[in-house]
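Participant: Pasting input16.txt below, which is compact mmCIF, C-alpha atoms.
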# COMPACT_ATOMS: atom_id res chain seq x y z
CA MET F 1 -14.55 75.41 -10.52
CA PRO F 2 -18.07 76.46 -11.64
CA ALA F 3 -18.10 79.66 -13.67
CA HIS F 4 -20.72 81.37 -11.49
CA ILE F 5 -18.56 80.93 -8.39
CA GLU F 6 -15.47 82.34 -10.05
CA GLU F 7 -17.47 85.28 -11.48
CA ALA F 8 -18.93 86.10 -8.08
CA ALA F 9 -15.52 85.86 -6.42
CA ARG F 10 -13.98 88.05 -9.10
CA GLU F 11 -16.56 90.77 -8.48
CA ILE F 12 -15.86 90.67 -4.75
CA VAL F 13 -12.08 90.74 -5.20
CA GLN F 14 -12.21 93.63 -7.66
CA ARG F 15 -14.53 95.68 -5.47
CA VAL F 16 -12.36 95.18 -2.38
CA GLU F 17 -9.29 96.19 -4.39
CA ARG F 18 -11.05 99.38 -5.51
CA GLU F 19 -13.13 100.30 -2.48
CA GLY F 20 -11.23 98.85 0.48
CA ASP F 21 -13.00 98.79 3.84
CA ALA F 22 -16.34 99.85 2.37
CA ALA F 23 -16.57 96.76 0.20
CA VAL F 24 -15.38 94.43 2.98
CA VAL F 25 -18.01 95.86 5.33
CA GLU F 26 -20.79 95.59 2.77
CA TYR F 27 -20.07 91.92 2.04
CA THR F 28 -19.69 91.15 5.75
CA GLN F 29 -23.10 92.72 6.38
CA ARG F 30 -24.58 90.65 3.56
CA PHE F 31 -23.10 87.28 4.51
CA ASP F 32 -22.35 87.38 8.24
CA CYS F 33 -23.51 90.29 10.42
CA PRO F 34 -26.20 92.73 9.19
CA THR F 35 -25.14 95.52 11.57
CA PHE F 36 -21.40 95.27 10.92
CA ALA F 37 -19.36 98.49 10.75
CA ALA F 38 -15.83 99.36 9.66
CA ASP F 39 -14.65 100.04 13.21
CA GLN F 40 -15.36 96.38 14.01
CA LEU F 41 -12.90 94.99 11.47
CA LEU F 42 -9.88 94.91 13.77
CA VAL F 43 -10.40 92.89 16.94
CA PRO F 44 -9.05 94.82 19.96
CA PRO F 45 -6.65 93.06 22.36
CA GLU F 46 -9.12 93.35 25.23
CA ALA F 47 -11.61 91.16 23.33
CA ILE F 48 -9.00 88.39 23.26
CA GLU F 49 -8.29 88.85 26.96
CA THR F 50 -12.00 88.70 27.82
CA ALA F 51 -12.45 85.52 25.77
CA TYR F 52 -10.29 83.60 28.22
CA ASP F 53 -13.11 83.89 30.76
CA GLU F 54 -15.48 82.12 28.36
CA VAL F 55 -13.55 78.90 27.69
CA PRO F 56 -13.22 75.91 30.02
CA THR F 57 -9.91 75.42 31.81
CA GLU F 58 -9.83 71.80 30.60
CA TRP F 59 -10.08 72.96 26.98
CA LEU F 60 -7.32 75.51 27.46
CA GLY F 61 -4.94 72.86 28.80
CA ALA F 62 -5.75 70.51 25.94
CA PHE F 63 -5.25 73.29 23.38
CA ARG F 64 -1.89 74.29 24.84
CA ARG F 65 -0.60 70.72 24.67
CA ALA F 66 -1.87 70.33 21.09
CA ARG F 67 -0.29 73.64 20.05
CA GLU F 68 3.06 72.55 21.47
CA ASN F 69 2.89 69.28 19.53
CA VAL F 70 2.23 71.17 16.29
CA ARG F 71 5.06 73.65 16.91
CA THR F 72 7.56 70.87 17.76
CA TYR F 73 6.68 68.89 14.63
CA HIS F 74 7.08 71.86 12.33
CA GLU F 75 10.34 73.02 13.88
CA ARG F 76 11.76 69.68 12.77
CA GLN F 77 10.84 70.54 9.18
CA LEU F 78 12.85 73.75 9.03
CA PRO F 79 15.46 73.64 6.22
CA GLN F 80 18.77 75.43 6.59
CA SER F 81 20.65 77.80 4.32
CA TRP F 82 23.85 76.30 2.90
CA LEU F 83 26.93 77.25 0.88
CA GLU F 84 29.46 74.72 -0.42
CA SER F 85 32.48 74.59 -2.73
CA PHE F 86 32.08 73.04 -6.18
CA ASP F 87 35.41 73.10 -8.09
CA GLY F 88 35.97 76.83 -8.20
CA LEU F 89 32.39 77.85 -7.41
CA LEU F 90 30.61 78.53 -4.17
CA LEU F 91 27.02 77.36 -4.62
CA GLY F 92 24.25 77.36 -2.11
CA GLU F 93 20.83 78.43 -1.03
CA ARG F 94 19.66 81.15 1.32
CA VAL F 95 16.37 80.33 3.07
CA ARG F 96 14.24 83.13 4.49
CA ALA F 97 10.68 83.33 5.80
CA VAL F 98 8.13 85.50 4.03
CA ALA F 99 7.63 88.80 5.82
CA SER F 100 3.96 88.30 6.63
CA ALA F 101 1.20 85.72 6.40
CA GLY F 102 -2.57 85.85 6.61
CA ILE F 103 -4.47 82.81 7.85
CA HIS F 104 -8.12 82.38 6.89
CA VAL F 105 -10.13 80.63 9.61
CA PRO F 106 -13.63 79.85 8.30
CA GLY F 107 -16.76 79.86 10.40
CA PHE F 108 -18.83 77.17 8.68
CA SER F 109 -21.25 75.63 11.17
CA ALA F 110 -18.73 75.27 14.00
CA PRO F 111 -15.85 77.31 15.46
CA LEU F 112 -12.83 75.83 13.69
CA PHE F 113 -10.29 76.97 16.28
CA ALA F 114 -7.99 74.07 15.36
CA THR F 115 -7.21 75.81 12.09
CA VAL F 116 -5.50 78.54 14.12
CA HIS F 117 -2.67 76.46 15.57
CA MET F 118 -2.55 74.15 12.55
CA ALA F 119 -1.71 77.12 10.29
CA VAL F 120 -0.11 79.67 12.59
CA GLU F 121 2.45 77.33 14.15
CA PRO F 122 4.05 76.32 10.81
CA ALA F 123 4.33 80.02 9.98
CA ARG F 124 5.90 80.84 13.33
CA ALA F 125 8.28 77.87 13.10
CA ALA F 126 9.36 79.21 9.69
CA GLY F 127 10.17 82.58 11.24
CA VAL F 128 7.34 84.71 9.81
CA GLU F 129 7.43 88.00 11.75
CA ARG F 130 3.83 89.12 11.17
CA VAL F 131 0.97 86.62 11.26
CA VAL F 132 -2.64 87.75 11.08
CA ILE F 133 -5.97 85.94 11.24
CA ALA F 134 -9.11 86.64 9.23
CA THR F 135 -12.27 84.99 10.51
CA PRO F 136 -15.92 85.92 9.91
CA PRO F 137 -17.95 87.46 12.74
CA ARG F 138 -21.02 85.81 14.17
CA LYS F 139 -24.48 87.33 13.61
CA ASP F 140 -23.96 89.68 16.56
CA GLY F 141 -20.57 90.83 15.30
CA SER F 142 -18.52 88.90 17.84
CA VAL F 143 -15.88 86.25 17.20
CA ASP F 144 -16.20 82.85 18.82
CA PRO F 145 -14.21 82.86 22.10
CA PHE F 146 -12.50 79.54 21.31
CA ILE F 147 -11.01 81.11 18.18
CA LEU F 148 -9.95 84.24 20.06
CA VAL F 149 -8.23 82.27 22.80
CA ALA F 150 -6.49 80.11 20.20
CA VAL F 151 -5.29 83.33 18.57
CA GLY F 152 -4.01 84.60 21.91
CA GLU F 153 -2.19 81.36 22.65
CA CYS F 154 -0.47 81.36 19.25
CA GLY F 155 0.65 84.98 19.56
CA VAL F 156 -1.10 86.23 16.44
CA ASP F 157 -0.35 89.87 15.67
CA GLU F 158 -3.72 91.01 14.34
CA VAL F 159 -7.22 89.53 14.08
CA TYR F 160 -9.76 90.79 11.58
CA ARG F 161 -13.50 90.13 11.62
CA MET F 162 -13.89 89.16 7.98
CA GLY F 163 -14.13 85.94 6.05
CA GLY F 164 -14.67 84.50 2.61
CA ALA F 165 -13.59 86.05 -0.67
CA GLN F 166 -13.66 89.58 0.75
CA ALA F 167 -11.16 88.60 3.44
CA ILE F 168 -8.81 87.05 0.90
CA ALA F 169 -8.94 90.20 -1.22
CA ALA F 170 -8.35 92.47 1.78
CA LEU F 171 -5.33 90.44 2.86
CA ALA F 172 -3.92 90.50 -0.66
CA PHE F 173 -4.46 94.15 -1.59
CA GLY F 174 -4.84 95.83 1.77
CA THR F 175 -7.51 98.32 2.83
CA GLU F 176 -7.65 101.40 5.04
CA THR F 177 -7.68 99.06 8.05
CA VAL F 178 -5.98 95.89 6.81
CA GLU F 179 -2.28 95.88 6.02
CA PRO F 180 -1.58 93.45 3.13
CA VAL F 181 0.37 90.23 3.59
CA ALA F 182 2.83 88.29 1.44
CA MET F 183 1.27 84.85 1.87
CA ILE F 184 -2.29 83.58 2.45
CA ALA F 185 -3.12 80.15 3.86
CA GLY F 186 -6.07 78.32 5.31
CA PRO F 187 -9.29 76.57 4.24
CA GLY F 188 -12.61 78.02 3.14
CA ASN F 189 -15.66 77.58 0.94
CA PRO F 190 -15.53 77.50 -2.89
CA TYR F 191 -15.79 81.30 -3.10
CA THR F 192 -12.82 81.62 -0.77
CA MET F 193 -10.82 79.21 -2.91
CA ALA F 194 -11.79 81.08 -6.08
CA ALA F 195 -10.57 84.31 -4.51
CA LYS F 196 -7.27 82.70 -3.56
CA ARG F 197 -6.82 81.64 -7.16
CA LEU F 198 -7.55 85.18 -8.36
CA VAL F 199 -5.06 86.90 -6.03
CA TYR F 200 -2.27 84.39 -6.59
CA GLY F 201 0.70 86.25 -8.02
CA ARG F 202 -0.07 89.30 -5.98
CA VAL F 203 0.47 87.07 -2.93
CA GLY F 204 1.48 83.48 -2.40
CA ILE F 205 -1.13 80.90 -1.45
CA ASP F 206 -0.88 77.49 0.13
CA SER F 207 -3.44 75.48 -1.85
CA LEU F 208 -6.98 75.45 -3.24
CA ALA F 209 -8.56 73.06 -0.79
CA GLY F 210 -12.03 71.66 -1.30
CA PRO F 211 -14.35 69.53 0.85
CA SER F 212 -12.73 67.05 3.24
CA GLU F 213 -11.92 63.52 2.05
CA SER F 214 -11.04 60.37 3.93
CA MET F 215 -10.28 56.84 2.77
CA VAL F 216 -9.84 53.81 4.99
CA ILE F 217 -8.10 50.62 3.88
CA ALA F 218 -9.04 47.82 6.26
CA ASP F 219 -8.50 44.08 6.40
CA GLY F 220 -10.28 41.36 8.34
CA SER F 221 -8.37 42.23 11.53
CA ALA F 222 -10.08 45.63 11.81
CA ASP F 223 -12.83 46.34 14.32
CA PRO F 224 -15.91 47.27 12.23
CA ALA F 225 -17.21 49.63 14.92
CA TRP F 226 -13.91 51.56 14.92
CA VAL F 227 -13.84 51.72 11.14
CA ALA F 228 -17.42 52.99 11.04
CA ALA F 229 -16.65 55.61 13.68
CA ASP F 230 -13.70 56.90 11.65
CA LEU F 231 -15.77 57.16 8.49
CA LEU F 232 -18.54 59.02 10.31
CA ALA F 233 -16.05 61.41 11.90
CA GLN F 234 -14.78 62.51 8.51
CA ALA F 235 -18.27 62.86 7.04
CA GLU F 236 -19.60 65.44 9.49
CA HIS F 237 -18.16 68.72 8.26
CA THR F 238 -20.32 70.19 5.50
CA GLY F 239 -22.44 67.44 3.95
CA ASP F 240 -20.21 67.07 0.89
CA ASN F 241 -17.32 65.12 2.42
CA THR F 242 -15.98 62.06 0.60
CA VAL F 243 -15.60 58.90 2.71
CA ILE F 244 -14.42 55.59 1.22
CA LEU F 245 -13.77 52.18 2.73
CA ALA F 246 -11.69 49.74 0.68
CA THR F 247 -11.43 46.23 2.10
CA ASP F 248 -10.64 42.72 0.95
CA SER F 249 -13.01 41.26 3.57
CA GLU F 250 -16.66 40.89 2.62
CA ASP F 251 -17.53 40.16 6.25
CA LEU F 252 -15.92 43.41 7.35
CA ALA F 253 -17.71 45.39 4.65
CA THR F 254 -21.06 44.03 5.81
CA ALA F 255 -20.31 44.64 9.47
CA VAL F 256 -19.11 48.22 8.84
CA SER F 257 -22.26 49.00 6.85
CA ALA F 258 -24.42 47.86 9.77
CA ALA F 259 -22.28 49.77 12.28
CA LEU F 260 -22.62 52.97 10.25
CA GLU F 261 -26.40 52.79 10.50
CA ARG F 262 -26.34 52.15 14.25
CA GLN F 263 -23.82 54.84 15.14
CA LEU F 264 -25.30 57.48 12.83
CA GLN F 265 -28.46 57.70 14.88
CA GLN F 266 -26.49 58.70 17.97
CA LEU F 267 -24.67 61.68 16.44
CA GLU F 268 -25.70 65.33 16.66
CA ARG F 269 -24.70 66.15 13.08
CA SER F 270 -26.42 63.09 11.65
CA GLU F 271 -28.16 65.05 8.88
CA LEU F 272 -24.90 66.36 7.42
CA ILE F 273 -23.23 62.97 7.85
CA GLU F 274 -26.05 61.13 6.12
CA GLN F 275 -25.90 63.56 3.21
CA SER F 276 -22.15 62.95 2.81
CA LEU F 277 -22.59 59.17 2.99
CA GLU F 278 -25.40 59.14 0.44
CA ASP F 279 -23.76 61.46 -2.07
CA PHE F 280 -20.04 60.82 -1.57
CA GLY F 281 -19.70 57.61 0.44
CA MET F 282 -18.57 54.21 -0.85
CA ILE F 283 -17.59 50.78 0.41
CA ALA F 284 -15.34 49.08 -2.16
CA LEU F 285 -14.69 45.34 -1.95
CA VAL F 286 -11.29 44.72 -3.54
CA GLN F 287 -9.38 41.57 -4.46
CA ASP F 288 -6.50 42.22 -2.06
CA LEU F 289 -4.78 45.00 -0.13
CA GLY F 290 -2.49 45.72 -3.04
CA ALA F 291 -5.54 46.62 -5.10
CA ALA F 292 -6.74 48.84 -2.27
CA ALA F 293 -3.39 50.63 -2.23
CA ARG F 294 -3.59 51.20 -5.98
CA LEU F 295 -7.10 52.60 -5.60
CA ALA F 296 -5.88 54.93 -2.86
CA SER F 297 -3.06 56.16 -5.09
CA GLU F 298 -5.59 56.99 -7.82
CA VAL F 299 -7.93 58.78 -5.42
CA ALA F 300 -5.02 60.54 -3.63
CA PRO F 301 -7.25 61.34 -0.64
CA GLU F 302 -6.72 64.08 1.90
CA HIS F 303 -6.63 61.48 4.70
CA LEU F 304 -5.72 57.82 4.29
CA GLN F 305 -6.01 55.32 7.14
CA LEU F 306 -4.21 51.99 6.88
CA PHE F 307 -6.40 50.04 9.28
CA VAL F 308 -4.61 46.75 8.67
CA ALA F 309 -2.53 44.24 10.61
CA GLU F 310 0.75 45.32 8.88
CA PRO F 311 0.34 49.04 8.06
CA PHE F 312 4.04 49.79 7.47
CA GLY F 313 4.27 47.06 4.86
CA LEU F 314 1.24 48.42 3.00
CA LEU F 315 2.57 51.97 3.26
CA GLU F 316 5.24 51.21 0.67
CA GLN F 317 2.53 50.47 -1.90
CA VAL F 318 0.76 53.82 -1.49
CA GLU F 319 1.93 56.59 -3.82
CA SER F 320 -0.28 59.58 -2.95
CA ALA F 321 -2.17 60.87 0.08
CA GLY F 322 -2.22 64.12 2.02
CA ALA F 323 -1.72 62.49 5.42
CA ILE F 324 -1.38 58.76 6.16
CA PHE F 325 -2.53 57.27 9.45
CA LEU F 326 -0.97 53.93 10.34
CA GLY F 327 -2.68 51.29 12.43
CA ALA F 328 -5.86 50.89 14.44
CA LEU F 329 -5.14 53.59 17.03
CA ALA F 330 -4.16 56.33 14.57
CA THR F 331 -7.62 57.75 13.96
CA VAL F 332 -7.72 60.86 11.79
CA SER F 333 -9.12 62.79 14.74
CA LEU F 334 -5.63 62.74 16.31
CA GLY F 335 -4.23 64.51 13.27
CA ASP F 336 -7.13 66.94 13.10
CA TYR F 337 -6.33 68.38 16.50
CA ALA F 338 -3.15 67.43 18.25
CA ALA F 339 -0.68 64.94 16.76
CA GLY F 340 1.67 67.45 15.14
CA PRO F 341 1.39 67.69 11.33
CA SER F 342 -0.89 70.43 10.04
CA HIS F 343 -4.40 69.31 9.19
CA VAL F 344 -4.51 71.75 6.24
CA LEU F 345 -4.09 69.17 3.49
CA PRO F 346 -4.52 68.82 -0.29
CA THR F 347 -7.95 67.68 -1.49
CA GLY F 348 -9.59 66.75 -4.77
CA GLY F 349 -6.74 64.48 -5.80
CA ALA F 350 -4.16 67.26 -5.41
CA ALA F 351 -2.07 64.98 -3.18
CA ARG F 352 -0.80 63.50 -6.47
CA PHE F 353 1.39 66.60 -6.86
CA SER F 354 1.22 68.66 -3.68
CA SER F 355 1.64 68.42 0.08
CA GLY F 356 -0.03 69.53 3.27
CA LEU F 357 0.65 72.91 4.83
CA SER F 358 4.13 73.03 6.31
CA VAL F 359 7.00 75.30 7.21
CA ARG F 360 8.05 75.22 3.55
CA ASP F 361 4.91 77.11 2.49
CA PHE F 362 6.12 80.13 4.47
CA LEU F 363 9.69 80.08 3.20
CA LYS F 364 11.38 81.43 0.11
CA SER F 365 14.85 80.54 -1.06
CA SER F 366 17.46 82.34 -3.13
CA SER F 367 20.15 80.39 -4.94
CA LEU F 368 23.69 81.63 -4.32
CA ILE F 369 26.52 81.60 -6.88
CA TYR F 370 30.05 82.88 -6.35
CA ALA F 371 32.71 82.21 -8.99
CA THR F 372 36.46 82.15 -8.46
CA GLU F 373 38.83 82.52 -11.43
CA ARG F 374 39.02 78.73 -11.60
CA GLY F 375 35.26 78.34 -11.54
CA PHE F 376 34.68 81.02 -14.15
CA GLY F 377 37.36 79.53 -16.40
CA ARG F 378 35.77 76.09 -16.12
CA LEU F 379 32.26 77.23 -17.11
CA ALA F 380 32.84 80.20 -19.43
CA PRO F 381 33.71 78.38 -22.69
CA ASP F 382 30.67 76.15 -22.44
CA VAL F 383 28.37 79.04 -21.53
CA GLU F 384 29.60 81.06 -24.51
CA VAL F 385 28.90 78.16 -26.89
CA LEU F 386 25.45 77.51 -25.42
CA ALA F 387 24.42 81.17 -25.47
CA GLU F 388 25.47 81.60 -29.10
CA ALA F 389 23.49 78.49 -30.04
CA GLU F 390 20.36 80.11 -28.61
CA GLY F 391 21.09 83.32 -30.54
CA LEU F 392 21.56 85.27 -27.30
CA ASP F 393 24.71 87.13 -28.26
CA ALA F 394 24.58 89.54 -25.32
CA HIS F 395 24.73 86.58 -22.94
CA ALA F 396 27.77 85.28 -24.79
CA ALA F 397 29.37 88.72 -24.84
CA ALA F 398 29.08 89.08 -21.05
CA VAL F 399 31.23 85.95 -20.76
CA ARG F 400 33.49 86.77 -23.70
CA LEU F 401 34.43 90.18 -22.23
CA ARG F 402 35.61 88.57 -19.02
CA ARG F 403 37.53 85.85 -20.88
CA ARG F 404 39.25 88.41 -23.10
CA PHE F 405 40.55 90.74 -20.40
CA GLY F 406 40.91 88.30 -17.55
CA PHE F 407 40.64 89.62 -14.03
CA GLY F 408 42.62 92.84 -14.20
CA PRO F 409 44.02 95.34 -14.58
CA PHE F 410 41.08 96.27 -16.81
CA PRO F 411 41.23 98.59 -19.82
CA SER F 412 38.71 101.41 -20.02
CA GLY F 413 36.63 103.19 -22.61
CA GLU F 414 36.02 101.91 -26.13
CA GLU F 415 38.71 99.21 -25.94
CA ARG F 416 36.93 97.58 -23.04
CA ASP F 417 33.53 97.71 -24.78
CA LYS F 418 34.74 95.87 -27.90
The structure given in the file should be rewritten as structure tokens.
Facilitator:
Amino acid sequence: MPAHIEEAAREIVQRVEREGDAAVVEYTQRFDCPTFAADQLLVPPEAIETAYDEVPTEWLGAFRRARENVRTYHERQLPQSWLESFDGLLLGERVRAVASAGIHVPGFSAPLFATVHMAVEPARAAGVERVVIATPPRKDGSVDPFILVAVGECGVDEVYRMGGAQAIAALAFGTETVEPVAMIAGPGNPYTMAAKRLVYGRVGIDSLAGPSESMVIADGSADPAWVAADLLAQAEHTGDNTVILATDSEDLATAVSAALERQLQQLERSELIEQSLEDFGMIALVQDLGAAARLASEVAPEHLQLFVAEPFGLLEQVESAGAIFLGALATVSLGDYAAGPSHVLPTGGAARFSSGLSVRDFLKSSSLIYATERGFGRLAPDVEVLAEAEGLDAHAAAVRLRRRFGFGPFPSGEERDK
């Protein structure tokens, strides 16, 4: 991450920690709404109720169905606590949700309401009791009605008009208005990501996501117009989105290139898309699909589409990707809005070692150990030897004391301390 971004984020985080609401308001005035005031930070319930009058009924029905898909998927992910017998020991794991979570919903150049259900529903499925949203206000101080209705549908507890690094700091440290949370999730710009890095340890974070990435592996059976449409769809966010086509068909590569030029002219966000294609786009002609799978594993893209005749066969050759879309009909757009898995995914190659947002991000587990006399007797001699080898005599003594006097009746005083 560039030093100037981290330095700027550090200044914001430190000021919010020291000054609370005053700092959040000042940065919100500077970046979002010039007339913003502290009493606007918390969105009142009536603003959410009013927002329902501003969204189309058709959209509301579509959102409700999408939200249900996301909730159902993540409920299937939920791990269970367990406790089992292991030769004189009871060993297990207790799984609990974090007490509270803050979701950052960025503004960017469009109302990203889909981030609401894609992040809130995994938290709710995990059992998080308090879920709050932070999203920047518009120039007039209002919040986009699509975001507010999404918040209402997902049953969010609080909504704050704040975004960026100042929102992350407020969620982590708390202010006069904002109660702090235990976990922060959600996308944002580089300053937001830098702030998440800086507050990690004070709170948990999901990931440090960067610009969107998509890679398509296609063979000669693919429709070039469909492939081009999928590449364009993933290039339209912010002008710095990576889009890659890997194919073993020269004819397809040529046809997709021509289709990109034709379709680009028909799109409203053509300027951003063209910038992404010029700076971060690539069509790679590979020897075979195996080579394409190896390239995908090296790139470890946020989204990977297997636009091939036998996608499940090729799937076994892919090692790393945030989300994998199988077959011609599984366009990434389905996953972005309604399929089920969260669209908050690792970027920048982080899929090599991390996963998309899930129920597990909002859970914590405690290991459980209970020893019977048999279990203690089985482990104690080995533990005493191992502790002494590390020079940790107090560890060894804690075991030795129990071995010496057994399980009762226990002596007292100096005799017991020897």
Participant: Which residue out of F:Ala150, F:Met183, F:Ala328, F:Leu334 has the minimum interatomic distance to Ile217 of chain F when only C-alpha atoms are used?
Facilitator: F:Ala328
Participant: For Ser276 of chain F, which residue among F:Ala293, F:Ala235, F:Ala258, F:Leu198 is the nearest when counting only C-alpha atoms?
Facilitator: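 Among F:Ala293, F:Ala235, F:Ala258, F:Leu198, it is F:Ala235 that comes nearest to Ser276 of chain F.
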Participant: Using only C-alpha atoms, pick whichever of F:Ser333, F:Gln266, F:Ser354, F:Gln287 has the shortest atom-to-atom distance to Ala300 of chain F.
Facilitator: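 Among F:Ser333, F:Gln266, F:Ser354, F:Gln287, it is F:Ser354 that comes nearest to Ala300 of chain F.
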Participant: Excluding same-chain residues fewer than 3 positions from Tyr52 of chain F, what lies within 9 Å of it counting only C-alpha atoms, as a list in words?
Facilitator: Ile48, Glu49, Val55, Pro56, Thr57, Leu60, Pro145, Phe146, Leu148, Val149 and Gly152 of chain F
Participant: Between F:Ser214, F:Leu306, F:Ser249, F:Gly281, which one has atoms that come closest to Gly322 of chain F, using all atoms listed in the file?
Facilitator: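 Closest candidate: F:Ser214.
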Participant: Distance cut-off 8 Å, centre (7.6, 74.8, 10.5) in file coordinates, counting only C-alpha atoms: which residues qualify? Return them as a PyMOL selection string.
Facilitator: chain F and resi 71+73-78+121-126+358-360
Participant: Restricting the calculation to only C-alpha atoms, which member of F:Gln317, F:Gln29, F:Ser81, F:Asn69 is positioned closest to Ser367 of chain F?
Facilitator: F:Ser81
